[in-house]
Amino acid sequence: MVNIGVLALQGDFAEHIEMLASLGANAFAIRRDEELANVDGLIIPGGESTTIAKLAIEASIDTIFNTIQKMALSGMPVYGTCMGSIFLAKEIEGSQQGRLALMDIKVRRNAFGPQKFSSEQLVEIPEISNEPFPAVFIRAPIILTCKPNVKVMAKVPQGIVMARQDNLLVTSFHPEVTGNKAVHQYFVKMVQDAKKSSGSKSPIESVTFYPETAIPVTQIS
Ligand code: GLN
């Protein structure tokens, strides 16, 4: 069985925990650095990216983000939904807000407009299923650009809404609020595969932030 943590500092973490548990994963909330110790994979849920950026400067929880960065760079699968995708992005259009800056994507926040334009769209995700996925967009970002090492997994007319770069997975939408488990199933498989192949990688000692002008999460004021 795999242990999958869901970052529970803010946002809709409970729905993710429920869905992961229904898929047979050992799923639990993560609020402190030390709770990451036995985690094989991590979900960063939807919420508000400017809030999590501010949380990153509070000394009491400061190290959790550095630990997540190190674990992700060492190969731990991380899945960011909506706000989570913004927090994982190396670039955020027009913003230097605090973020993990791990994935070679540039995102635009609130790309579908305000809350009243939140909607559900059927999205083709060929890698996951032949059936279209009921994607729920809530003040969602889109991925504007990504580097060639990023695999685009789904698009809508507004832009890219699902992508993967090695052990990092992002969706603009919220699969945890649908009854459809296909995306979570895909992530659980990523975690299982990574757990099987772990041991072959050497741990990463230091973290480089990108772009260089971006403010590391620990230094935001
Ligand atoms: N609009 C939010 C932000 O920019 C994300 C919304 C969500 O996660 N549902 O952080």
# chains A, B, ... in the order shown; residues from 1 in each chain; ligands from 1
call {"tool": "residues_near_ligand", "arguments": {"ligand": "ligand 1", "cutoff": "9 Å", "atoms": "only C-alpha atoms and all ligand atoms", "output": "PyMOL selection string"}}
result
chain A and resi 11-12+45-52+81-87+108-111+114-115+137-141+172-174
call {"tool": "select_by_dssp", "arguments": {"residues": "stretch 12-160 of chain A", "states": "strand (DSSP E)", "output": "PyMOL selection string"}}
result
chain A and resi 26-30+41-44+78-81+89-92+103-108+119-123+133-137+142-146+151-156+159-160
call {"tool": "residues_around", "arguments": {"residues": "stretch 177-187 of chain A", "least_positions_apart": "2", "cutoff": "9 Å", "atoms": "only C-alpha atoms", "output": "number ranges by chain"}}
result
A: 15-16, 19-20, 22-23, 41, 77-79, 128-129, 133-136, 169, 174-175, 189-192
call {"tool": "atom_distance", "arguments": {"atom1": "atom CA of A:Leu42", "atom2": "atom CA of A:Ala29"}}
result
9.7 Å
call {"tool": "decode", "arguments": {"residues": "stretch 122-150 of chain A", "atoms": "N, CA and C atoms", "output": "mmCIF file, in the first residue's frame"}}
result
data_model
loop_
_atom_site.group_PDB
_atom_site.id
_atom_site.type_symbol
_atom_site.label_atom_id
_atom_site.label_comp_id
_atom_site.auth_asym_id
_atom_site.auth_seq_id
_atom_site.Cartn_x
_atom_site.Cartn_y
_atom_site.Cartn_z
ATOM 1 N N LEU A 122 -16.373 18.664 -20.543
ATOM 2 C CA LEU A 122 -15.843 17.330 -20.800
ATOM 3 C C LEU A 122 -14.501 17.476 -21.513
ATOM 4 N N VAL A 123 -13.503 16.811 -20.972
ATOM 5 C CA VAL A 123 -12.133 16.950 -21.471
ATOM 6 C C VAL A 123 -11.609 15.579 -21.877
ATOM 7 N N GLU A 124 -10.974 15.538 -23.036
ATOM 8 C CA GLU A 124 -10.353 14.280 -23.484
ATOM 9 C C GLU A 124 -8.988 14.132 -22.823
ATOM 10 N N ILE A 125 -8.790 13.009 -22.135
ATOM 11 C CA ILE A 125 -7.450 12.720 -21.570
ATOM 12 C C ILE A 125 -7.066 11.330 -22.078
ATOM 13 N N PRO A 126 -6.587 11.244 -23.321
ATOM 14 C CA PRO A 126 -6.395 9.928 -23.949
ATOM 15 C C PRO A 126 -5.528 8.987 -23.133
ATOM 16 N N GLU A 127 -4.544 9.522 -22.444
ATOM 17 C CA GLU A 127 -3.640 8.666 -21.678
ATOM 18 C C GLU A 127 -4.331 7.976 -20.499
ATOM 19 N N ILE A 128 -5.447 8.539 -20.083
ATOM 20 C CA ILE A 128 -6.119 8.030 -18.884
ATOM 21 C C ILE A 128 -7.338 7.192 -19.221
ATOM 22 N N SER A 129 -8.103 7.630 -20.213
ATOM 23 C CA SER A 129 -9.345 6.912 -20.494
ATOM 24 C C SER A 129 -9.863 7.246 -21.891
ATOM 25 N N ASN A 130 -10.660 6.347 -22.441
ATOM 26 C CA ASN A 130 -11.343 6.641 -23.712
ATOM 27 C C ASN A 130 -12.573 7.492 -23.479
ATOM 28 N N GLU A 131 -13.038 7.504 -22.230
ATOM 29 C CA GLU A 131 -14.219 8.314 -21.888
ATOM 30 C C GLU A 131 -13.778 9.730 -21.561
ATOM 31 N N PRO A 132 -14.505 10.763 -22.051
ATOM 32 C CA PRO A 132 -14.141 12.127 -21.648
ATOM 33 C C PRO A 132 -14.308 12.328 -20.145
ATOM 34 N N PHE A 133 -13.474 13.168 -19.573
ATOM 35 C CA PHE A 133 -13.472 13.388 -18.125
ATOM 36 C C PHE A 133 -14.272 14.651 -17.792
ATOM 37 N N PRO A 134 -15.158 14.587 -16.774
ATOM 38 C CA PRO A 134 -15.941 15.774 -16.395
ATOM 39 C C PRO A 134 -15.092 16.736 -15.559
ATOM 40 N N ALA A 135 -14.429 17.668 -16.235
ATOM 41 C CA ALA A 135 -13.470 18.543 -15.545
ATOM 42 C C ALA A 135 -14.186 19.766 -14.984
ATOM 43 N N VAL A 136 -14.010 19.971 -13.668
ATOM 44 C CA VAL A 136 -14.640 21.108 -12.985
ATOM 45 C C VAL A 136 -13.590 22.201 -12.797
ATOM 46 N N PHE A 137 -13.875 23.374 -13.367
ATOM 47 C CA PHE A 137 -12.940 24.505 -13.295
ATOM 48 C C PHE A 137 -13.497 25.539 -12.328
ATOM 49 N N ILE A 138 -12.751 25.846 -11.277
ATOM 50 C CA ILE A 138 -13.177 26.829 -10.269
ATOM 51 C C ILE A 138 -12.103 27.908 -10.172
ATOM 52 N N ARG A 139 -12.357 29.064 -10.721
ATOM 53 C CA ARG A 139 -11.350 30.143 -10.802
ATOM 54 C C ARG A 139 -9.993 29.558 -11.216
ATOM 55 N N ALA A 140 -10.056 28.815 -12.292
ATOM 56 C CA ALA A 140 -8.929 27.942 -12.639
ATOM 57 C C ALA A 140 -7.852 28.657 -13.446
ATOM 58 N N PRO A 141 -6.626 28.183 -13.295
ATOM 59 C CA PRO A 141 -5.546 28.667 -14.164
ATOM 60 C C PRO A 141 -5.520 27.859 -15.464
ATOM 61 N N ILE A 142 -4.776 28.351 -16.450
ATOM 62 C CA ILE A 142 -4.372 27.494 -17.575
ATOM 63 C C ILE A 142 -2.859 27.528 -17.673
ATOM 64 N N ILE A 143 -2.347 26.526 -18.356
ATOM 65 C CA ILE A 143 -0.912 26.508 -18.642
ATOM 66 C C ILE A 143 -0.733 27.187 -19.992
ATOM 67 N N LEU A 144 0.017 28.279 -19.992
ATOM 68 C CA LEU A 144 0.224 29.044 -21.229
ATOM 69 C C LEU A 144 1.301 28.410 -22.090
ATOM 70 N N THR A 145 2.401 28.050 -21.454
ATOM 71 C CA THR A 145 3.515 27.449 -22.192
ATOM 72 C C THR A 145 4.179 26.405 -21.299
ATOM 73 N N CYS A 146 4.840 25.470 -21.951
ATOM 74 C CA CYS A 146 5.642 24.521 -21.168
ATOM 75 C C CYS A 146 6.849 24.116 -21.990
ATOM 76 N N LYS A 147 7.870 23.661 -21.319
ATOM 77 C CA LYS A 147 9.088 23.233 -22.008
ATOM 78 C C LYS A 147 8.868 21.841 -22.602
ATOM 79 N N PRO A 148 9.733 21.424 -23.547
ATOM 80 C CA PRO A 148 9.518 20.132 -24.217
ATOM 81 C C PRO A 148 9.545 18.931 -23.272
ATOM 82 N N ASN A 149 10.155 19.080 -22.089
ATOM 83 C CA ASN A 149 10.184 17.965 -21.143
ATOM 84 C C ASN A 149 8.849 17.764 -20.426
ATOM 85 N N VAL A 150 7.887 18.640 -20.724
ATOM 86 C CA VAL A 150 6.558 18.533 -20.106
ATOM 87 C C VAL A 150 5.600 17.913 -21.123
#
